[in-house]
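Single-structure report; data block below.
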Amino acid sequence: MKLLSGGYREEKRVKRLKILTVVFASLVLAACSGPRPTGEAASPGTGAAPGGSPVSGGRLVYALSADAAGFNPVTDQFASQSYSMTGTIIEALVGVDAEGNWKPVLAESLTPNADADEWTVKVRPGVAFSTGEPLDAEVVKANLEAQKASPLNTAVFAPVTSVEVTDPMTVKVTLRGPWVAFPYYLAAQIGMIVPKASLADPKAASRKPVGTGAFLFKEYVPGSRMVVTKNPNYWRKGLPYLDEIEFRILPDSQTRAQTLEAGGVDAMGTTRDEDIVKFGALKDAYTVGRASGMAVPEYMFMLNTAVPPLDDLRVRRALAHATDRKTVISTLRSGLTEEADGPWSKESKWYAPGDGYPAYDLAKAAALVKEVEAEKGPVSFEIISPPDPNTMQGIELAQDMWRKAGVEVTIKQVDQADLINRAVTGDYQATVWTQFSAPDPDGEYIWMHQNYAQPVGAVSLNFSRIKDAELSNAFDTGRSNPQEDVRRQAYATVQQRLRELVPFIFIDHLNTGAVIAKTKVRGIGQHVLPDGDKGLPLTGSPVPYHPFSQLWLSQS
Amino acid sequence: MILRLVRLLLVLLVVTFLSYLLLNLLPGDPTTQILGLSASEEAREQLRRELSLDDPLFTRYLAWLGELVAGDLGTSYTTSVPVTEALAERLPVTLELLVAAQLVALGLALPIGVAAARRAGRPLDQVLTALSFGLLSTPVFVLGVLLILVFAVKWQVLPATGWTPISLDLGWNLTSVLLPAVTLGCAQTAVYARLLRTDLIATLQEDYITLARARGLSPRRILWRHALRPSAISLVTAVGLNLGALIGGAVIIETLFGLPGVGRLIVDSIFARDYLTVQGGVVLISVGYVLVNFAVDLVYVAVDPRIRRA
């Protein structure tokens, strides 16, 4: 068995130890006297073309930008990195295919009744946890009930009224009302299934995850790494290909990229456009995968529509008219992204073209501002931003554009925790925001429906506090109607209302989240779901994630 | 000794209360960090009650202090891991980094300081002085990135990032700590070398050195046996006092090189509003700082026997 990184280690080990013992002092002196770039450039990869037949074996080292808060899908809040790590061990009832449709994974099927307010979940037979405990309806019921009771999901899972076992392999989920997109929610944290022992001891499950997945937990060093090894009894025969994966947590994006160049890791997630440009140009050595379609979040300025002056539609439209998205994209993203005029990109089947979004027109913006000024006096507000240089650059750009239209904007830096808290409680006028990467438009229901808009000071999941009956009714129609053409029409209405009401100044579809790998790492974004459908390649933000069971290492 | 203990307790009380106060002045709700965006207000309120976040600040501080006396630093809000366990997992990394950085700094500062003092005012002294100021004015994150670029990316002789514990592999442990330690130690090198140079120049002008020269002792023997030890008092003081600066630098270094140390834990915990973990880290650093400076006092005696006699 050839271990990729183990092999790398063995090859380098003797050399390094010699160097370490013989030239330690000179190395230190050399280091302190500054760099002397006399070496060769980073050695290229194999240069092998993509494709080929998967080969079993090998060890993959994969760099992540952050650690997980824990690995228990019931008690720990999951981010992209949590899905990457935990997803190797714990699987969900549902997956999403390349077309964006939900497909069964641990479930064999999910069938709604005529009103879609009752879902019958058939559990896939022949699946067992790594502990030997079989997956059955009782376990699924216990998991769904634990998820409903979890404070993480109170709002999302509110429509679920009961979960019943109807036979040893079937669960019936009853809802308060029709919910055609319900299975999509089971593709995420809520649908990840753990054994009953993990439910009984959530703290242990948070540190040592157990599931039905392709890999088994081996080691976790907080803030440093998580190691998983091949599950020899995985229910999908022939998988996984890799023997072991080490997830290495490297928070600094620059040193993460340097580690990839230095050969310390085989793949990494990134959000830096310079990484995409740099590694993308080295096609023989690296592959760059970027999320697309619904999986891409939108970068925007979120406006609090419940507070002046942004409660005035004319001001919001003026700001949108004054925002030159092209300039923002060329300045901040090296021109890599597409302009956005709503929460869904043109690559998505849910995108509805429309001309309602305010186009860049400084004269129109200035006229609207003058109109408001004549009534209410000067227009000014504060925008809050995390102290990230790239984000600040974007805000300063917008500040300059808006000033040209006659709007004075002050920038206040707050840290991420404060920013989120202010968004939730409405203690802001405007902020920079990234959101809307759910696979189905219903995933944005709680963020824009008027039922979730609360007054300033109260917790509101509708952060912009936009209250619009037409918008909300359209979301209700999309949630309750199983016919796709009706849903498309409903979500077209959602997009139209967002363009008209401008609670968000959309900038671009932020597909600069990427996975960059050496070319010998194959299969990223090319996985197949259990029933044979091609899976959604990459999803999640800011750094996208993907399954690992079908990744393999080219020997060439 | 008792006075020192009392002083340590006072320092701990002041530092922990101030940090508790400052943390609580930070805007941002820990429940939002723990439960995420989609939790309801009811869920947040329940969690707030469970964590006693609604209690007055002083009440919470006293409760925390009571548990500290019993040896319990509490449990992390975000990971549900006991704070002592989280700190114990990370402490060896930071300790090794700090010790290695000090060794690098002293290992470089001694020859540089001595060479500069022996040739005071000459070209070598001027070159070494310029080098010291160069190192002193280079931010650690810039130096770190440059070192990674040269030794990891270009030459590929050292790992760019990552950490291997001593228990797993000593060789890999040393290679993984080398670049971070050099990065962290370089700035201290300049400080130590300058201090040593200045003190050594003064010592070399003392009467007893002149007497030693008159007795025919070799310059090397005079320097290393008679001049260096009394010249090292300021250096030893700086080593102790610099612990704080090193810990500050370690926060950056640990993030840059992906080391799972206490510094990164504290920073992550501040962003997550994980008050108890931050408090635990503050206690650890405060105790460490006081103990190191206590050890420095003992070293004075060993370095200069006149202090013992006094």
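Residues in the structure tokens are named by chain (A, B, ... in the order shown) and by number from 1 within that chain; ligands are numbered from 1 in the order shown.
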Residue contacts of Leu175 in chain A (9 Å, only C-alpha atoms) excluding same-chain residues fewer than 3 positions away, as a list in words = Ala116, Asp117, Glu118, Trp119, Ala158, Pro159, Val160, Thr161, Ser162, Pro178 and Trp179 of chain A
Could you give me, as a PyMOL selection string, the residues within 9 Å of Gly223 in chain A, counting only C-alpha atoms and dropping anything in the same chain fewer than 4 positions from it?
-> (chain A and resi 66-68+248-250) or (chain B and resi 90+258-261+264-265)
Using only C-alpha atoms, please write the residues we just selected to a file, as a CSV table (one decimal), in the first residue's frame.
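Result saved to again.csv:
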```csv
chain,number,residue,atom,x,y,z
A,66,ALA,CA,-11.2,26.5,10.3
A,67,ASP,CA,-11.9,23.9,12.9
A,68,ALA,CA,-15.3,22.4,13.6
A,248,ARG,CA,-5.4,19.8,8.6
A,249,ILE,CA,-6.7,23.1,10.0
A,250,LEU,CA,-4.8,26.0,8.6
B,90,ARG,CA,-2.9,23.1,23.7
B,258,GLY,CA,-1.4,26.3,11.9
B,259,LEU,CA,-0.2,25.3,15.4
B,260,PRO,CA,-2.9,24.2,17.8
B,261,GLY,CA,-1.6,26.3,20.8
B,264,ARG,CA,-5.0,30.5,18.9
B,265,LEU,CA,-7.5,28.9,21.4
```
Suppose you want the space between CA of Asp29 in chain B and CA of Glu396 in chain A; what is it in Å?
-> 27.3 Å
Within 6 Å of chain A, which residues of chain B show up? Give each one with its shortest atom-to-atom distance in Å (one decimal) and the two atoms involved, counting only C-alpha atoms, rows by chain then rising residue number, as a tab-separated table.
```
residue	atom	partner	partner_atom	distance
B:Pro27	CA	A:Asp418	CA	5.4
B:Gly28	CA	A:Asp418	CA	4.0
B:Leu35	CA	A:Leu152	CA	5.0
B:Ser38	CA	A:Ala155	CA	5.9
B:Ala39	CA	A:Leu152	CA	5.1
B:Ser40	CA	A:Ala155	CA	5.8
B:Glu41	CA	A:Val459	CA	5.8
B:Ala43	CA	A:Pro151	CA	5.3
B:Thr79	CA	A:Ala69	CA	5.6
B:Val150	CA	A:Pro35	CA	5.8
B:Ala152	CA	A:Ala262	CA	5.4
B:Val153	CA	A:Ala262	CA	4.3
B:Lys154	CA	A:Gly39	CA	5.3
B:Trp155	CA	A:Gly39	CA	5.4
B:Ala160	CA	A:Thr259	CA	5.1
B:Leu256	CA	A:Asp252	CA	5.4
B:Gly258	CA	A:Leu250	CA	4.7
B:Pro260	CA	A:Gly223	CA	4.8
```
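Omitting range 94-111 of chain B and its sequence neighbours fewer than 3 positions away, and counting only C-alpha atoms, the residues within 7 Å are B:Arg90, B:Leu91, B:Val114, B:Ala115, B:Val177, B:Ala181, B:Val182, B:Leu184, B:Gly185, B:Cys186, B:Gln188, B:Thr189, B:Ala190, B:Tyr192, B:Ala193, B:Leu246, B:Gly261, B:Val262.
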DSSP strand (DSSP E or B) selection over range 318-499 of chain A, as a list of chain:residue names | A:Glu338, A:Glu339, A:Ser380, A:Phe381, A:Glu382, A:Ile383, A:Ile384, A:Ser385, A:Glu408, A:Val409, A:Thr410, A:Ile411, A:Lys412, A:Gln413, A:Ala430, A:Thr431, A:Val432, A:Trp433, A:Thr434, A:Gln435
Deliver the residues from the most recent selection as a file, using C-alpha atoms, as an mmCIF file, in the first residue's frame.
```cif
data_model
loop_
_atom_site.group_PDB
_atom_site.id
_atom_site.type_symbol
_atom_site.label_atom_id
_atom_site.label_comp_id
_atom_site.auth_asym_id
_atom_site.auth_seq_id
_atom_site.Cartn_x
_atom_site.Cartn_y
_atom_site.Cartn_z
ATOM 1 C CA GLU A 338 -20.899 37.381 -12.385
ATOM 2 C CA GLU A 339 -23.122 40.301 -11.452
ATOM 3 C CA SER A 380 -26.851 59.473 5.581
ATOM 4 C CA PHE A 381 -26.412 56.182 7.358
ATOM 5 C CA GLU A 382 -23.856 53.883 8.947
ATOM 6 C CA ILE A 383 -22.689 50.610 7.467
ATOM 7 C CA ILE A 384 -21.101 47.976 9.671
ATOM 8 C CA SER A 385 -18.387 45.673 8.462
ATOM 9 C CA GLU A 408 -23.077 60.145 3.118
ATOM 10 C CA VAL A 409 -22.083 56.810 4.597
ATOM 11 C CA THR A 410 -19.926 56.195 7.641
ATOM 12 C CA ILE A 411 -18.221 52.870 8.105
ATOM 13 C CA LYS A 412 -18.033 51.172 11.467
ATOM 14 C CA GLN A 413 -15.877 48.119 11.971
ATOM 15 C CA ALA A 430 -26.670 48.495 6.528
ATOM 16 C CA THR A 431 -24.060 45.798 6.451
ATOM 17 C CA VAL A 432 -22.124 43.629 4.075
ATOM 18 C CA TRP A 433 -23.575 40.136 3.829
ATOM 19 C CA THR A 434 -23.126 36.779 2.076
ATOM 20 C CA GLN A 435 -26.007 34.311 1.934
#
```
